[in-house]
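So this one's start28.tsv, TSV, C-alpha atoms and all ligand atoms:
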chain	number	residue	atom	x	y	z
L	1	MET	CA	61.97	153.31	-108.90
L	2	ALA	CA	61.56	149.61	-108.04
L	3	LYS	CA	64.53	147.90	-106.41
L	4	GLN	CA	66.13	144.92	-108.20
L	5	ARG	CA	65.21	141.89	-106.16
L	6	ALA	CA	66.13	138.24	-106.83
L	7	LYS	CA	63.39	136.16	-108.42
L	8	LEU	CA	61.84	133.18	-106.66
L	9	VAL	CA	59.77	130.46	-108.34
L	10	VAL	CA	58.13	127.89	-106.07
L	11	GLY	CA	56.05	124.91	-107.12
L	12	ASN	CA	53.01	123.86	-105.12
L	13	TRP	CA	52.37	120.23	-105.98
L	14	LYS	CA	49.15	120.18	-103.89
L	15	MET	CA	48.00	116.56	-103.29
L	16	HIS	CA	49.72	115.15	-106.36
L	17	GLY	CA	52.61	112.78	-106.85
L	18	ARG	CA	53.72	109.19	-106.46
L	19	LEU	CA	57.25	108.03	-105.67
L	20	ALA	CA	58.14	106.91	-109.18
L	21	ASP	CA	56.74	110.01	-110.91
L	22	ASN	CA	58.26	112.32	-108.31
L	23	ARG	CA	61.71	110.89	-108.93
L	24	VAL	CA	61.53	111.70	-112.64
L	25	LEU	CA	60.13	115.18	-111.99
L	26	LEU	CA	62.54	116.11	-109.19
L	27	GLN	CA	65.56	114.89	-111.10
L	28	ALA	CA	64.55	116.82	-114.22
L	29	VAL	CA	63.85	120.02	-112.25
L	30	SER	CA	67.07	119.71	-110.28
L	31	HIS	CA	69.08	119.12	-113.43
L	32	GLY	CA	67.42	121.99	-115.35
L	33	ALA	CA	67.76	124.41	-112.44
L	34	ASN	CA	71.54	123.97	-112.47
L	35	ASP	CA	71.64	126.21	-115.52
L	36	LEU	CA	69.81	129.10	-113.83
L	37	PRO	CA	71.72	132.14	-112.58
L	38	ASP	CA	72.05	132.70	-108.83
L	39	ASP	CA	69.52	135.51	-108.77
L	40	VAL	CA	66.71	133.09	-109.66
L	41	ARG	CA	65.88	130.77	-106.77
L	42	VAL	CA	63.68	127.70	-107.18
L	43	GLY	CA	61.71	125.61	-104.69
L	44	VAL	CA	59.09	122.87	-104.65
L	45	CYS	CA	56.50	122.33	-101.93
L	46	VAL	CA	55.65	118.64	-101.86
L	47	PRO	CA	53.14	116.56	-99.87
L	48	CYS	CA	54.70	115.75	-96.46
L	49	PRO	CA	55.23	112.01	-97.04
L	50	TYR	CA	57.52	112.89	-99.93
L	51	LEU	CA	59.83	115.14	-97.89
L	52	PRO	CA	62.49	112.42	-97.44
L	53	GLN	CA	62.43	111.76	-101.17
L	54	ALA	CA	62.75	115.45	-101.99
L	55	GLN	CA	65.59	115.72	-99.50
L	56	SER	CA	67.50	112.76	-100.90
L	57	LEU	CA	67.10	113.85	-104.53
L	58	LEU	CA	67.57	117.61	-104.11
L	59	GLU	CA	70.13	117.94	-101.31
L	60	GLY	CA	73.33	119.58	-102.52
L	61	GLY	CA	71.61	120.99	-105.62
L	62	CYS	CA	70.07	124.39	-106.21
L	63	VAL	CA	66.38	123.52	-105.74
L	64	ALA	CA	64.97	124.00	-102.23
L	65	TRP	CA	61.98	122.05	-100.93
L	66	GLY	CA	59.17	122.67	-98.52
L	67	VAL	CA	55.66	121.83	-97.37
L	68	GLN	CA	52.20	123.18	-98.17
L	69	ASP	CA	51.02	123.78	-94.62
L	70	VAL	CA	52.20	123.42	-91.03
L	71	SER	CA	50.35	122.95	-87.77
L	72	ALA	CA	49.61	125.96	-85.58
L	73	HIS	CA	50.90	123.80	-82.71
L	74	THR	CA	54.41	122.65	-81.92
L	75	GLN	CA	53.46	119.14	-80.72
L	76	GLY	CA	50.74	117.24	-78.91
L	77	ALA	CA	47.42	115.52	-79.45
L	78	TYR	CA	46.65	116.94	-82.89
L	79	THR	CA	45.95	113.86	-84.99
L	80	GLY	CA	46.97	114.20	-88.61
L	81	GLU	CA	48.88	117.44	-88.20
L	82	VAL	CA	52.52	118.05	-89.07
L	83	ALA	CA	54.66	120.45	-87.03
L	84	ALA	CA	56.97	122.91	-88.76
L	85	GLU	CA	59.91	121.42	-86.85
L	86	MET	CA	59.15	118.00	-88.33
L	87	ALA	CA	59.41	119.44	-91.84
L	88	ALA	CA	62.62	121.22	-90.86
L	89	GLU	CA	64.11	117.88	-89.81
L	90	PHE	CA	63.87	116.83	-93.45
L	91	GLY	CA	65.69	119.92	-94.67
L	92	ALA	CA	62.60	121.88	-95.72
L	93	SER	CA	63.16	125.57	-96.43
L	94	PHE	CA	59.61	126.74	-97.18
L	95	ALA	CA	56.14	126.33	-95.72
L	96	ILE	CA	53.14	127.64	-97.60
L	97	VAL	CA	50.59	129.04	-95.12
L	98	GLY	CA	47.11	130.39	-95.75
L	99	HIS	CA	46.65	128.91	-99.21
L	100	SER	CA	43.10	129.70	-100.32
L	101	GLU	CA	42.27	125.99	-100.41
L	102	ARG	CA	43.10	125.76	-96.72
L	103	ARG	CA	41.27	128.97	-95.89
L	104	ALA	CA	38.19	127.69	-97.76
L	105	TYR	CA	38.14	123.94	-97.01
L	106	HIS	CA	39.62	124.04	-93.51
L	107	ARG	CA	38.15	127.39	-92.46
L	108	GLU	CA	41.55	128.82	-91.55
L	109	SER	CA	41.22	132.32	-90.14
L	110	GLY	CA	43.70	135.16	-90.51
L	111	GLU	CA	44.71	134.52	-86.89
L	112	THR	CA	45.42	130.83	-87.58
L	113	VAL	CA	47.46	131.70	-90.68
L	114	ALA	CA	49.47	134.20	-88.62
L	115	VAL	CA	50.23	131.58	-85.93
L	116	LYS	CA	51.27	129.10	-88.63
L	117	ALA	CA	53.64	131.69	-90.10
L	118	GLN	CA	55.09	132.17	-86.62
L	119	ARG	CA	55.54	128.39	-86.12
L	120	ALA	CA	57.29	128.14	-89.49
L	121	LEU	CA	59.69	130.98	-88.62
L	122	GLU	CA	60.45	129.47	-85.21
L	123	ALA	CA	61.44	126.24	-86.96
L	124	GLY	CA	63.70	128.11	-89.38
L	125	LEU	CA	61.36	127.78	-92.37
L	126	THR	CA	60.37	130.64	-94.65
L	127	PRO	CA	56.59	130.98	-94.61
L	128	ILE	CA	55.02	131.74	-97.98
L	129	VAL	CA	51.93	133.63	-96.84
L	130	CYS	CA	49.13	133.41	-99.42
L	131	VAL	CA	46.54	136.16	-99.79
L	132	GLY	CA	43.85	136.60	-102.41
L	133	GLU	CA	40.29	137.62	-103.11
L	134	THR	CA	37.38	135.64	-104.58
L	135	LEU	CA	35.70	136.69	-107.80
L	136	ASP	CA	32.73	138.14	-105.89
L	137	GLU	CA	35.07	140.19	-103.73
L	138	ARG	CA	36.93	141.51	-106.80
L	139	GLU	CA	33.71	142.36	-108.60
L	140	SER	CA	32.40	144.24	-105.60
L	141	GLY	CA	35.60	146.32	-105.39
L	142	LYS	CA	36.87	144.66	-102.20
L	143	THR	CA	40.21	143.28	-103.42
L	144	GLU	CA	42.42	145.66	-101.44
L	145	GLN	CA	40.26	145.40	-98.33
L	146	ILE	CA	40.48	141.58	-98.38
L	147	VAL	CA	44.17	141.12	-99.20
L	148	GLY	CA	45.12	144.03	-96.92
L	149	ALA	CA	43.31	142.41	-93.99
L	150	GLN	CA	44.85	139.00	-94.73
L	151	LEU	CA	48.35	140.50	-94.77
L	152	ASP	CA	47.75	142.71	-91.72
L	153	ALA	CA	46.66	139.69	-89.66
L	154	VAL	CA	50.10	138.15	-90.22
L	155	LEU	CA	52.14	141.35	-89.85
L	156	ALA	CA	50.34	142.19	-86.60
L	157	LYS	CA	51.58	138.95	-85.03
L	158	LEU	CA	55.20	139.13	-86.18
L	159	SER	CA	58.08	141.32	-85.07
L	160	VAL	CA	59.67	143.59	-87.66
L	161	GLU	CA	62.62	141.16	-87.93
L	162	ASP	CA	60.35	138.18	-88.49
L	163	SER	CA	58.15	140.10	-90.95
L	164	ALA	CA	61.25	140.69	-93.06
L	165	ARG	CA	61.77	136.89	-93.27
L	166	ILE	CA	58.46	136.01	-94.92
L	167	VAL	CA	57.46	135.64	-98.55
L	168	VAL	CA	54.01	136.84	-99.63
L	169	ALA	CA	52.10	135.25	-102.51
L	170	TYR	CA	49.19	137.09	-104.10
L	171	GLU	CA	46.90	134.39	-105.44
L	172	PRO	CA	43.50	135.59	-106.65
L	173	VAL	CA	41.16	132.71	-105.82
L	174	TRP	CA	39.42	133.06	-109.19
L	175	ALA	CA	42.72	132.43	-110.99
L	176	ILE	CA	43.85	129.31	-109.11
L	177	GLY	CA	43.58	126.16	-111.18
L	178	THR	CA	41.08	127.81	-113.51
L	179	GLY	CA	43.40	128.55	-116.42
L	180	LYS	CA	42.29	132.18	-116.04
L	181	SER	CA	45.29	134.21	-114.87
L	182	ALA	CA	45.11	137.80	-113.66
L	183	THR	CA	46.47	140.15	-116.30
L	184	ALA	CA	49.95	141.44	-115.63
L	185	GLN	CA	48.47	144.85	-114.83
L	186	GLN	CA	45.83	143.48	-112.45
L	187	ALA	CA	48.52	141.51	-110.63
L	188	GLN	CA	50.96	144.44	-110.53
L	189	ASP	CA	48.28	146.76	-109.09
L	190	VAL	CA	47.65	144.39	-106.18
L	191	HIS	CA	51.37	143.77	-105.68
L	192	ALA	CA	52.03	147.52	-105.51
L	193	PHE	CA	49.28	147.80	-102.90
L	194	LEU	CA	50.77	144.92	-100.87
L	195	ARG	CA	54.27	146.40	-101.20
L	196	ALA	CA	53.03	149.71	-99.78
L	197	ARG	CA	51.36	147.84	-96.93
L	198	LEU	CA	54.59	145.94	-96.18
L	199	ALA	CA	56.51	149.24	-96.22
L	200	THR	CA	54.49	150.50	-93.27
L	201	LYS	CA	56.25	147.82	-91.19
L	202	GLY	CA	59.79	148.90	-92.18
L	203	ASP	CA	62.29	149.12	-95.03
L	204	ASP	CA	63.41	145.49	-94.77
L	205	VAL	CA	59.82	144.32	-94.77
L	206	GLU	CA	59.05	146.37	-97.89
L	207	SER	CA	61.49	144.29	-99.90
L	208	VAL	CA	60.24	140.80	-99.00
L	209	PRO	CA	59.61	138.67	-102.10
L	210	LEU	CA	56.10	139.13	-103.48
L	211	LEU	CA	55.05	136.21	-105.68
L	212	TYR	CA	52.10	135.98	-108.03
L	213	GLY	CA	50.15	132.72	-108.23
L	214	GLY	CA	47.15	131.70	-110.31
L	215	SER	CA	47.38	129.86	-113.63
L	216	VAL	CA	50.97	130.90	-114.32
L	217	LYS	CA	52.16	129.09	-117.45
L	218	PRO	CA	55.19	129.33	-119.73
L	219	GLU	CA	53.15	131.63	-122.01
L	220	ASN	CA	52.30	134.31	-119.44
L	221	ALA	CA	55.15	134.01	-116.93
L	222	GLU	CA	57.61	136.48	-118.41
L	223	GLU	CA	55.08	139.28	-118.71
L	224	LEU	CA	53.93	138.74	-115.14
L	225	PHE	CA	57.47	138.49	-113.75
L	226	SER	CA	58.53	141.66	-115.60
L	227	GLN	CA	56.20	143.79	-113.49
L	228	PRO	CA	58.10	145.98	-111.03
L	229	ASP	CA	56.54	144.50	-107.89
L	230	ILE	CA	56.30	140.85	-108.97
L	231	ASP	CA	59.31	138.90	-107.72
L	232	GLY	CA	58.37	135.52	-109.11
L	233	GLY	CA	55.61	132.97	-108.84
L	234	LEU	CA	53.87	130.29	-106.83
L	235	ILE	CA	53.07	127.67	-109.42
L	236	GLY	CA	50.41	124.97	-109.02
L	237	GLY	CA	49.46	122.82	-112.02
L	238	ALA	CA	52.44	123.80	-114.16
L	239	SER	CA	54.89	122.71	-111.44
L	240	LEU	CA	53.90	119.09	-112.09
L	241	LYS	CA	55.39	119.17	-115.59
L	242	ASP	CA	59.14	119.51	-115.64
L	243	LYS	CA	59.31	121.30	-118.98
L	244	ASP	CA	56.62	123.82	-118.06
L	245	PHE	CA	58.06	124.47	-114.62
L	246	LEU	CA	61.57	124.96	-116.00
L	247	ALA	CA	60.21	127.20	-118.78
L	248	ILE	CA	58.59	129.33	-116.06
L	249	CYS	CA	61.94	129.47	-114.22
L	250	SER	CA	63.58	130.58	-117.49
L	251	ALA	CA	60.93	133.27	-117.84
L	252	ALA	CA	62.07	134.59	-114.46
L	253	VAL	CA	65.61	134.80	-115.84
L	254	ALA	CA	64.39	136.62	-118.95
L	255	ALA	CA	62.30	139.03	-116.87
L	256	THR	CA	65.32	139.82	-114.70
L	257	ALA	CA	67.54	140.41	-117.72
L	258	ALA	CA	64.94	142.71	-119.32
L	259	ARG	CA	64.74	145.06	-116.31
J	301	LIG	C1	48.33	127.33	-106.41
J	301	LIG	O1	47.65	126.37	-106.08
J	301	LIG	O2	49.05	127.88	-105.56
J	301	LIG	C2	48.29	127.77	-107.80
J	301	LIG	C3	48.79	128.93	-108.09
J	301	LIG	O3	47.70	126.92	-108.70
J	301	LIG	P1	47.67	127.06	-110.31
J	301	LIG	O4	49.02	127.52	-110.76
J	301	LIG	O5	47.35	125.68	-110.79
J	301	LIG	O6	46.61	128.06	-110.63
Transcribe the structure of this file into structure tokens.
Ligand code: PEP
Amino acid sequence: MAKQRAKLVVGNWKMHGRLADNRVLLQAVSHGANDLPDDVRVGVCVPCPYLPQAQSLLEGGCVAWGVQDVSAHTQGAYTGEVAAEMAAEFGASFAIVGHSERRAYHRESGETVAVKAQRALEAGLTPIVCVGETLDERESGKTEQIVGAQLDAVLAKLSVEDSARIVVAYEPVWAIGTGKSATAQQAQDVHAFLRARLATKGDDVESVPLLYGGSVKPENAEELFSQPDIDGGLIGGASLKDKDFLAICSAAVAATAAR
């Protein structure tokens, strides 16, 4: 019997946004999120230059904010990088680590992702650790092997206490930004596998939030979020439209009520 866990919906803006547009979007999301019950938490991960704006518009409300990556280093000669502690100084709560775009375009290894998760935790941020397989890997039956290894790399580096403070996002690479979401059953199967893997590290680790990401939209969110091991979503494209993002948050409420 699956435990009742709070839902979490986090937007990943990627490299989108401009000050004027962000203001409209953040104000609408903040306003709309006021109507959500406490057991549905909402966050937005913005490009780093917009952290002060997110902080000034969201502080005191019920939407948390965060970043899409952090450096594996704490400080030093690492041109262009942003330390987790710097994000924390602007009130960030979340740091996405190991997004497939960073694994692919910046060749981030499992070891690097694990160190980034550690840096985020040290700074008091919640790392959202992304795992996911490519289409080739799925079609050759390697989904569990790939996502299991990606998760293990992080769990191996963290203590049990720290492992219980992470969020994991299953994001099949073939579903990100393609409009082609995993079916609710495909997603649930992988989430159940990840949940079992987390359980090997301890009871508290078993119940960390497990988000699904990959073309979540208002039309498919409730079915996905109703699955027993899906605790919410990491939302890319749809998080840039206030109505869509809030509709996805409402789907989390409906999925919780239906359980
Ligand atoms: C993402 O980039 O994390 C993501 C899930 O994107 P999209 O929702 O656009 O597929």
List every residue of chain L that has an atom at most 9 Å from any atom of ligand LIG 301 (chain J), giving for each one its closest atom pair and the distance in Å to one decimal, counting all atoms listed in the file, sorted by chain and then by ascending residue number, as a Markdown table.
| residue | atom | partner | partner_atom | distance |
| --- | --- | --- | --- | --- |
| L:Gly11 | CA | J:LIG301 | O2 | 7.8 |
| L:Asn12 | CA | J:LIG301 | O2 | 5.7 |
| L:Trp13 | CA | J:LIG301 | O1 | 7.7 |
| L:Lys14 | CA | J:LIG301 | O1 | 6.7 |
| L:Ile96 | CA | J:LIG301 | O2 | 9.0 |
| L:His99 | CA | J:LIG301 | O2 | 6.9 |
| L:Ser100 | CA | J:LIG301 | O1 | 8.1 |
| L:Glu101 | CA | J:LIG301 | O1 | 7.8 |
| L:Cys130 | CA | J:LIG301 | O2 | 8.3 |
| L:Ala169 | CA | J:LIG301 | O2 | 8.5 |
| L:Glu171 | CA | J:LIG301 | C3 | 6.4 |
| L:Pro172 | CA | J:LIG301 | C3 | 8.6 |
| L:Val173 | CA | J:LIG301 | O6 | 8.6 |
| L:Trp174 | CA | J:LIG301 | O6 | 8.9 |
| L:Ala175 | CA | J:LIG301 | O6 | 5.9 |
| L:Ile176 | CA | J:LIG301 | O6 | 3.4 |
| L:Gly177 | CA | J:LIG301 | O6 | 3.6 |
| L:Thr178 | CA | J:LIG301 | O6 | 6.2 |
| L:Gly179 | CA | J:LIG301 | O6 | 6.6 |
| L:Lys180 | CA | J:LIG301 | O6 | 8.1 |
| L:Ser181 | CA | J:LIG301 | O6 | 7.6 |
| L:Tyr212 | CA | J:LIG301 | C3 | 7.8 |
| L:Gly213 | CA | J:LIG301 | C3 | 4.0 |
| L:Gly214 | CA | J:LIG301 | O6 | 3.7 |
| L:Ser215 | CA | J:LIG301 | O6 | 3.6 |
| L:Val216 | CA | J:LIG301 | O4 | 5.3 |
| L:Lys217 | CA | J:LIG301 | O4 | 7.6 |
| L:Gly233 | CA | J:LIG301 | C3 | 8.0 |
| L:Leu234 | CA | J:LIG301 | C3 | 5.4 |
| L:Ile235 | CA | J:LIG301 | O4 | 4.3 |
| L:Gly236 | CA | J:LIG301 | O3 | 3.4 |
| L:Gly237 | CA | J:LIG301 | O5 | 3.8 |
| L:Ala238 | CA | J:LIG301 | O4 | 6.1 |
| L:Ser239 | CA | J:LIG301 | O4 | 7.6 |
Pick from L:Glu111, L:Lys116, L:Gly141, L:Gly66, whichever lies nearest to L:Glu81 using only C-alpha atoms: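 Answer, going by the shortest atom-to-atom distance: L:Lys116.
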Which of L:Arg259, L:His73, L:Arg165, L:Lys201 sits closest to L:Val113 [using all atoms listed in the file]: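 When distances to L:Val113 are compared using all atoms listed in the file, the smallest one comes from L:His73.
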Best match for closeness to L:Gln118 among L:Ala104, L:Ala258, L:Ala87, L:Ala95, counting all atoms listed in the file: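 Closest to L:Gln118, using all atoms listed in the file: L:Ala95.
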Distance of atom CA of L:Trp65 from atom CA of L:Asp35, expressed in Å to one decimal place: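 Pair atom CA of L:Asp35 / atom CA of L:Trp65 returns 18.0 Å.
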L:Glu161, L:Thr183, L:Val168, L:Arg138 ranked by distance to L:Asp204, top pick (using all atoms listed in the file):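 Between L:Glu161, L:Thr183, L:Val168, L:Arg138, the residue approaching L:Asp204 most closely is L:Glu161.
One distance worth recording is that between atom CA of L:Gly132 and atom CA of L:Val40, which is 24.2 Å.
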Sorted per-residue table, stretch 169-197 of chain L near stretch 223-232 of chain L, closest atoms and distance, 7 Å, all atoms listed in the file, as CSV:
residue,atom,partner,partner_atom,distance
L:Ala184,CA,L:Leu224,CA,4.8
L:Gln188,CA,L:Gln227,CA,6.1
L:His191,CA,L:Asp229,CA,5.7
L:Ala192,CA,L:Asp229,CA,5.9
Two-atom distance - atom CA of L:Ala83, atom CA of L:Leu125 (Å):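 About the pair atom CA of L:Ala83 and atom CA of L:Leu125: they are 11.3 Å apart.
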Among listed residues L:Ile248, L:Val9, L:Cys48, L:Ala117, nearest L:Gly80 (using all atoms listed in the file): L:Cys48
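Shortest separation to L:Pro49 among L:Asp242, L:Leu19, L:Tyr170, L:Pro209 occurs at residue L:Leu19, atoms counted being all atoms listed in the file.
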